[in-house]
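Trainee: Next up, target_37.cif (mmCIF, C-alpha atoms).
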```cif
data_coords
#
loop_
_atom_site.group_PDB
_atom_site.id
_atom_site.type_symbol
_atom_site.label_atom_id
_atom_site.label_comp_id
_atom_site.auth_asym_id
_atom_site.auth_seq_id
_atom_site.Cartn_x
_atom_site.Cartn_y
_atom_site.Cartn_z
ATOM 1 C CA ARG I 9 47.989 7.668 7.285
ATOM 2 C CA GLY I 10 47.333 11.194 8.393
ATOM 3 C CA PRO I 11 48.002 14.457 6.569
ATOM 4 C CA ALA I 12 51.606 15.370 5.856
ATOM 5 C CA PRO I 13 53.202 17.639 8.467
ATOM 6 C CA ARG I 14 53.454 21.302 7.496
ATOM 7 C CA ARG I 15 56.831 22.825 6.957
ATOM 8 C CA THR I 16 57.544 26.232 8.373
ATOM 9 C CA ARG I 17 60.005 28.799 7.139
ATOM 10 C CA ALA I 18 62.614 30.367 9.343
ATOM 11 C CA ARG I 19 61.693 33.980 10.056
ATOM 12 C CA SER I 20 65.215 35.333 10.284
ATOM 13 C CA SER I 21 68.099 34.333 8.077
ATOM 14 C CA ARG I 22 70.671 35.078 10.785
ATOM 15 C CA SER I 23 70.713 33.591 14.248
ATOM 16 C CA SER I 24 71.613 35.514 17.404
ATOM 17 C CA ASN I 25 75.302 34.658 17.041
ATOM 18 C CA GLY I 26 75.470 36.098 13.503
ATOM 19 C CA ARG I 27 75.571 32.816 11.597
ATOM 20 C CA LEU I 28 73.246 32.094 8.738
ATOM 21 C CA SER I 29 70.435 29.711 9.447
ATOM 22 C CA ARG I 30 69.636 26.864 7.087
ATOM 23 C CA ALA I 31 66.871 28.804 5.267
ATOM 24 C CA GLY I 32 69.079 31.877 4.953
ATOM 25 C CA ALA I 33 71.938 29.853 3.499
ATOM 26 C CA MET I 34 69.576 28.255 0.982
ATOM 27 C CA ALA I 35 68.207 31.671 -0.012
ATOM 28 C CA GLU I 36 71.731 33.008 -0.553
ATOM 29 C CA GLU I 37 72.651 29.968 -2.671
ATOM 30 C CA ALA I 38 69.530 30.491 -4.785
ATOM 31 C CA GLU I 39 70.433 34.154 -5.341
ATOM 32 C CA GLU I 40 73.996 33.235 -6.319
ATOM 33 C CA ALA I 41 72.743 30.553 -8.706
ATOM 34 C CA GLN I 42 70.378 33.052 -10.287
ATOM 35 C CA GLU I 43 73.181 35.607 -10.758
ATOM 36 C CA GLU I 44 75.548 32.999 -12.201
ATOM 37 C CA ARG I 45 72.913 31.465 -14.486
ATOM 38 C CA LYS I 46 74.441 31.295 -17.953
ATOM 39 C CA VAL I 47 72.526 31.105 -21.191
ATOM 40 C CA LEU I 48 73.071 27.603 -22.537
ATOM 41 C CA TYR I 49 70.988 27.957 -25.698
ATOM 42 C CA THR I 50 70.439 30.752 -28.194
ATOM 43 C CA SER I 51 67.726 30.461 -30.791
ATOM 44 C CA PRO I 52 68.895 30.513 -34.429
ATOM 45 C CA ILE I 53 66.345 33.220 -35.289
ATOM 46 C CA ALA I 54 67.305 35.498 -32.365
ATOM 47 C CA LYS I 55 68.410 38.546 -34.351
ATOM 48 C CA PRO I 56 68.676 41.462 -33.476
ATOM 49 C CA MET I 57 69.943 40.628 -29.980
ATOM 50 C CA ILE I 58 70.293 43.753 -27.823
ATOM 51 C CA THR I 59 73.221 44.238 -25.427
ATOM 52 C CA ASP I 60 75.018 46.801 -23.271
ATOM 53 C CA LYS I 61 73.452 50.262 -22.915
ATOM 54 C CA LEU I 62 70.364 49.523 -25.012
ATOM 55 C CA LEU I 63 69.715 46.392 -22.925
ATOM 56 C CA SER I 64 69.969 48.269 -19.628
ATOM 57 C CA ARG I 65 67.639 51.007 -20.925
ATOM 58 C CA SER I 66 65.203 48.380 -22.156
ATOM 59 C CA LEU I 67 65.142 46.593 -18.807
ATOM 60 C CA LYS I 68 64.521 49.929 -17.084
ATOM 61 C CA LEU I 69 61.680 50.634 -19.540
ATOM 62 C CA ILE I 70 60.172 47.215 -18.851
ATOM 63 C CA SER I 71 60.207 47.714 -15.083
ATOM 64 C CA LYS I 72 58.562 51.156 -15.427
ATOM 65 C CA ALA I 73 55.910 49.842 -17.823
ATOM 66 C CA VAL I 74 55.122 46.851 -15.596
ATOM 67 C CA SER I 75 54.731 49.110 -12.557
ATOM 68 C CA GLU I 76 52.217 51.219 -14.548
ATOM 69 C CA LYS I 77 50.445 48.080 -15.865
ATOM 70 C CA LYS I 78 51.201 48.955 -19.495
ATOM 71 C CA SER I 79 52.660 45.635 -20.593
ATOM 72 C CA ARG I 80 51.529 42.299 -21.989
ATOM 73 C CA ARG I 81 53.258 39.099 -20.876
ATOM 74 C CA GLY I 82 53.383 35.728 -22.558
ATOM 75 C CA VAL I 83 52.981 34.496 -26.116
ATOM 76 C CA PRO I 84 49.151 34.286 -26.268
ATOM 77 C CA GLU I 85 48.552 37.695 -24.695
ATOM 78 C CA CYS I 86 51.154 39.449 -26.880
ATOM 79 C CA THR I 87 49.902 37.749 -30.048
ATOM 80 C CA LYS I 88 46.370 38.864 -29.254
ATOM 81 C CA ALA I 89 47.508 42.467 -28.635
ATOM 82 C CA ILE I 90 49.489 42.549 -31.902
ATOM 83 C CA ARG I 91 46.582 41.153 -33.919
ATOM 84 C CA LYS I 92 44.225 43.738 -32.396
ATOM 85 C CA GLY I 93 46.542 46.482 -33.666
ATOM 86 C CA GLN I 94 47.917 47.740 -30.346
ATOM 87 C CA LYS I 95 51.244 49.549 -30.695
ATOM 88 C CA GLY I 96 54.361 48.991 -28.630
ATOM 89 C CA VAL I 97 57.738 47.253 -28.513
ATOM 90 C CA CYS I 98 58.112 43.455 -28.215
ATOM 91 C CA PHE I 99 60.950 41.899 -26.242
ATOM 92 C CA ILE I 100 61.495 38.216 -27.026
ATOM 93 C CA ALA I 101 63.746 35.899 -25.010
ATOM 94 C CA GLY I 102 66.510 34.435 -27.157
ATOM 95 C CA ASP I 103 66.841 31.178 -25.231
ATOM 96 C CA ILE I 104 63.403 29.662 -25.848
ATOM 97 C CA PHE I 105 63.287 26.083 -27.074
ATOM 98 C CA PRO I 106 61.543 24.906 -29.245
ATOM 99 C CA VAL I 107 61.480 27.828 -31.661
ATOM 100 C CA ASP I 108 57.949 26.912 -32.804
ATOM 101 C CA VAL I 109 56.522 28.434 -29.617
ATOM 102 C CA PHE I 110 57.181 32.011 -30.730
ATOM 103 C CA ALA I 111 58.275 31.790 -34.391
ATOM 104 C CA HIS I 112 55.113 33.548 -35.623
ATOM 105 C CA VAL I 113 55.641 36.668 -33.464
ATOM 106 C CA PRO I 114 58.440 38.405 -35.453
ATOM 107 C CA THR I 115 56.452 38.000 -38.691
ATOM 108 C CA LEU I 116 53.326 39.430 -37.065
ATOM 109 C CA CYS I 117 55.335 42.357 -35.688
ATOM 110 C CA GLU I 118 56.818 43.135 -39.111
ATOM 111 C CA GLU I 119 53.378 43.025 -40.753
ATOM 112 C CA LYS I 120 51.921 45.425 -38.169
ATOM 113 C CA GLY I 121 54.979 47.736 -38.019
ATOM 114 C CA ILE I 122 55.827 46.933 -34.387
ATOM 115 C CA TYR I 123 59.464 46.991 -33.310
ATOM 116 C CA TYR I 124 60.816 43.813 -31.730
ATOM 117 C CA CYS I 125 64.155 42.627 -30.425
ATOM 118 C CA TYR I 126 65.652 39.682 -28.590
ATOM 119 C CA VAL I 127 67.029 39.622 -25.062
ATOM 120 C CA LYS I 128 69.637 37.053 -24.014
ATOM 121 C CA SER I 129 67.518 35.091 -21.562
ATOM 122 C CA ARG I 130 63.967 34.728 -20.322
ATOM 123 C CA HIS I 131 65.275 35.063 -16.768
ATOM 124 C CA GLU I 132 66.436 38.626 -17.530
ATOM 125 C CA LEU I 133 62.941 39.502 -18.750
ATOM 126 C CA GLY I 134 61.420 37.981 -15.627
ATOM 127 C CA ALA I 135 63.778 39.924 -13.369
ATOM 128 C CA ALA I 136 62.917 43.181 -15.150
ATOM 129 C CA CYS I 137 59.228 42.460 -14.476
ATOM 130 C CA GLN I 138 60.002 42.120 -10.751
ATOM 131 C CA THR I 139 59.055 38.441 -10.725
ATOM 132 C CA ARG I 140 61.015 35.225 -10.273
ATOM 133 C CA ARG I 141 59.078 33.569 -13.076
ATOM 134 C CA PRO I 142 60.935 33.517 -16.427
ATOM 135 C CA ILE I 143 59.092 35.355 -19.195
ATOM 136 C CA SER I 144 59.466 34.339 -22.839
ATOM 137 C CA LEU I 145 57.756 37.297 -24.530
ATOM 138 C CA LEU I 146 56.827 40.750 -23.311
ATOM 139 C CA MET I 147 55.214 43.686 -25.070
ATOM 140 C CA VAL I 148 55.527 47.202 -23.671
ATOM 141 C CA MET I 149 52.562 49.267 -24.814
ATOM 142 C CA GLU I 150 53.089 52.658 -26.441
ATOM 143 C CA PRO I 151 52.825 55.308 -23.698
ATOM 144 C CA LYS I 152 50.354 58.152 -23.492
ATOM 145 C CA ASP I 153 51.828 61.675 -23.497
ATOM 146 C CA ASP I 154 51.718 62.000 -19.699
ATOM 147 C CA ALA I 155 53.282 58.567 -18.931
ATOM 148 C CA SER I 156 56.443 58.504 -16.812
ATOM 149 C CA TYR I 157 58.234 56.140 -19.191
ATOM 150 C CA ALA I 158 57.548 58.073 -22.426
ATOM 151 C CA LYS I 159 61.120 59.419 -22.786
ATOM 152 C CA THR I 160 62.698 56.022 -22.079
ATOM 153 C CA TYR I 161 60.311 54.410 -24.559
ATOM 154 C CA GLU I 162 61.380 56.835 -27.316
ATOM 155 C CA GLN I 163 65.084 56.176 -26.616
ATOM 156 C CA VAL I 164 64.631 52.404 -26.688
ATOM 157 C CA ALA I 165 62.477 52.516 -29.840
ATOM 158 C CA ALA I 166 65.135 54.627 -31.594
ATOM 159 C CA GLY I 167 67.874 52.211 -30.477
ATOM 160 C CA ILE I 168 65.973 49.171 -31.719
ATOM 161 C CA LYS I 169 65.261 50.944 -35.013
ATOM 162 C CA ALA I 170 68.996 51.566 -35.427
ATOM 163 C CA VAL I 171 70.051 47.933 -34.830
ATOM 164 C CA HIS I 172 67.099 46.234 -36.551
ATOM 165 C CA PRO I 173 67.932 44.877 -40.022
ATOM 166 C CA TYR I 174 64.323 44.432 -41.206
ATOM 167 C CA MET I 175 62.518 47.569 -40.036
#
```
Would you mind giving the structure from this file in structure tokens?

Mentor:
Amino acid sequence: RGPAPRRTRARSSRSSNGRLSRAGAMAEEAEEAQEERKVLYTSPIAKPMITDKLLSRSLKLISKAVSEKKSRRGVPECTKAIRKGQKGVCFIAGDIFPVDVFAHVPTLCEEKGIYYCYVKSRHELGAACQTRRPISLLMVMEPKDDASYAKTYEQVAAGIKAVHPYM
């Protein structure tokens, strides 16, 4: 047996007659599936869950922070940052199963005085980080005075403080 043949991608999604090629059709189906993706599971400890205006502001804050490299992604990295005493806001995905993966994070945040909240799905967090990969936990670091996302950070922190039952 020889090596497996390489597969090539179609360069253009539309052919000369205006019809979608096979790769283009598959890409459109993937986008539609991603938009229609419903949350099938919500963790029993996912409170406070943010929605509406606060959610849209938070997602905007996340994208700004990621573009400035002022965020921590993933459970181990966020846990390490919290234990070291770094300040910020934690966004936890509400659809993570099993709960044991991240159950220690809210307690750590409360001990250190860091605001945290839950977002409906890990796919929303991934999209806000401009990546296709779902993200279960994200920490936006507290901005310096000259940061472009400082105002948004203050608004989101105030909103989370208002809806948070334990802080």

Trainee: Would you mind reading off the distance between CA of Ile104 (chain I) and CA of Ser51 (chain I), one decimal, in Å?

Mentor: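 Those two atoms sit 6.6 Å apart.
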
Trainee: Can you give me, as a PyMOL selection string, the residues this file yields under the PyMOL selection byres ((chain I and resi 111-125) around 7)?

Mentor: chain I and resi 56-58+87+90+95-100+107-110+126-127+168

Trainee: Go through I:Leu67, I:Lys72, I:Gly93, I:Leu48 and flag the residue nearest Glu132 (chain I), using only C-alpha atoms for the distances.

Mentor: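 Residue with the minimum atom-to-atom distance to Glu132 (chain I): I:Leu67.
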
Trainee: With 6 Å added on each side, what axis-aligned box encloses every listed atom of region 87-99 of chain I? Give the centre and edge lengths in Å to one decimal, as AutoDock Vina command-line options.

Mentor:
```
--center_x 52.6 --center_y 43.6 --center_z -30.1 --size_x 28.7 --size_y 23.8 --size_z 19.7
```

Trainee: So what do you get for CA of Cys137 (chain I) versus CA of His172 (chain I), distance-wise?

Mentor: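 Separation between CA of Cys137 (chain I) and CA of His172 (chain I): 23.7 Å.
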
Trainee: Could you tell me which residues the PyMOL selection byres ((chain I and resi 146) around 7) returns for this structure, as a ChimeraX atom specification?

Mentor: /I:79-82,86,98-100,144-145,147-148

Trainee: Give me, as a list of chain:residue names, all polymer residues having an atom no more than 9 Å from Val164 (chain I), counting only C-alpha atoms and skipping those fewer than 2 positions away in the same chain.

Mentor: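 Skipping anything fewer than 2 positions along the chain leaves I:Leu62, I:Leu63, I:Arg65, I:Ser66, I:Leu69, I:Val97, I:Lys159, I:Thr160, I:Tyr161, I:Glu162, I:Ala166, I:Gly167, I:Ile168, I:Lys169.
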
Trainee: Carefully work through the PyMOL selection byres ((chain I and resi 131) around 12) for this structure and note down the residues it includes, as a ChimeraX atom specification.

Mentor: /I:41-47,67,100-104,127-130,132-145

Trainee: Since we have the selection now, will you write its residues out, keeping C-alpha atoms, as a PDB file, in the frame of the given file?

Mentor:
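And here is the file that came out, part37.pdb:
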```pdb
ATOM      1  CA  ALA I  41      72.743  30.553  -8.706  1.00  0.00           C
ATOM      2  CA  GLN I  42      70.378  33.052 -10.287  1.00  0.00           C
ATOM      3  CA  GLU I  43      73.181  35.607 -10.758  1.00  0.00           C
ATOM      4  CA  GLU I  44      75.548  32.999 -12.201  1.00  0.00           C
ATOM      5  CA  ARG I  45      72.913  31.465 -14.486  1.00  0.00           C
ATOM      6  CA  LYS I  46      74.441  31.295 -17.953  1.00  0.00           C
ATOM      7  CA  VAL I  47      72.526  31.105 -21.191  1.00  0.00           C
ATOM      8  CA  LEU I  67      65.142  46.593 -18.807  1.00  0.00           C
ATOM      9  CA  ILE I 100      61.495  38.216 -27.026  1.00  0.00           C
ATOM     10  CA  ALA I 101      63.746  35.899 -25.010  1.00  0.00           C
ATOM     11  CA  GLY I 102      66.510  34.435 -27.157  1.00  0.00           C
ATOM     12  CA  ASP I 103      66.841  31.178 -25.231  1.00  0.00           C
ATOM     13  CA  ILE I 104      63.403  29.662 -25.848  1.00  0.00           C
ATOM     14  CA  VAL I 127      67.029  39.622 -25.062  1.00  0.00           C
ATOM     15  CA  LYS I 128      69.637  37.053 -24.014  1.00  0.00           C
ATOM     16  CA  SER I 129      67.518  35.091 -21.562  1.00  0.00           C
ATOM     17  CA  ARG I 130      63.967  34.728 -20.322  1.00  0.00           C
ATOM     18  CA  GLU I 132      66.436  38.626 -17.530  1.00  0.00           C
ATOM     19  CA  LEU I 133      62.941  39.502 -18.750  1.00  0.00           C
ATOM     20  CA  GLY I 134      61.420  37.981 -15.627  1.00  0.00           C
ATOM     21  CA  ALA I 135      63.778  39.924 -13.369  1.00  0.00           C
ATOM     22  CA  ALA I 136      62.917  43.181 -15.150  1.00  0.00           C
ATOM     23  CA  CYS I 137      59.228  42.460 -14.476  1.00  0.00           C
ATOM     24  CA  GLN I 138      60.002  42.120 -10.751  1.00  0.00           C
ATOM     25  CA  THR I 139      59.055  38.441 -10.725  1.00  0.00           C
ATOM     26  CA  ARG I 140      61.015  35.225 -10.273  1.00  0.00           C
ATOM     27  CA  ARG I 141      59.078  33.569 -13.076  1.00  0.00           C
ATOM     28  CA  PRO I 142      60.935  33.517 -16.427  1.00  0.00           C
ATOM     29  CA  ILE I 143      59.092  35.355 -19.195  1.00  0.00           C
ATOM     30  CA  SER I 144      59.466  34.339 -22.839  1.00  0.00           C
ATOM     31  CA  LEU I 145      57.756  37.297 -24.530  1.00  0.00           C
TER      32      LEU I 145
END
```

Trainee: Using only C-alpha atoms, which of I:Lys92, I:Thr59, I:Lys77, I:Ser156 sits nearest Val171 (chain I)?

Mentor: I:Thr59

Trainee: If you measure from CA of Lys61 (chain I) to CA of Ser75 (chain I), what distance in Å do you get, rounded to one decimal?

Mentor: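 Result for CA of Lys61 (chain I) versus CA of Ser75 (chain I): 21.4 Å, one decimal.
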
Trainee: Smallest atom-to-atom distance to Ile70 (chain I): which of I:Tyr157, I:Gln163, I:Glu85, I:Ala170, using only C-alpha atoms?

Mentor: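 Going through I:Tyr157, I:Gln163, I:Glu85, I:Ala170 one by one, the smallest distance to Ile70 (chain I) is for I:Tyr157.
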
Trainee: Rank I:Tyr174, I:Ala165, I:Pro106, I:Gln94 by their smallest atom-to-atom distance to Met149 (chain I), using only C-alpha atoms, and report the top residue only.

Mentor: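 Comparing I:Tyr174, I:Ala165, I:Pro106, I:Gln94 against Met149 (chain I), the winner is I:Gln94.
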
Trainee: Given the choices I:Met175, I:Phe105, I:Ala89, I:Pro151, which gets closest to Ala54 (chain I) if the distance is worked out from only C-alpha atoms?

Mentor: I:Phe105
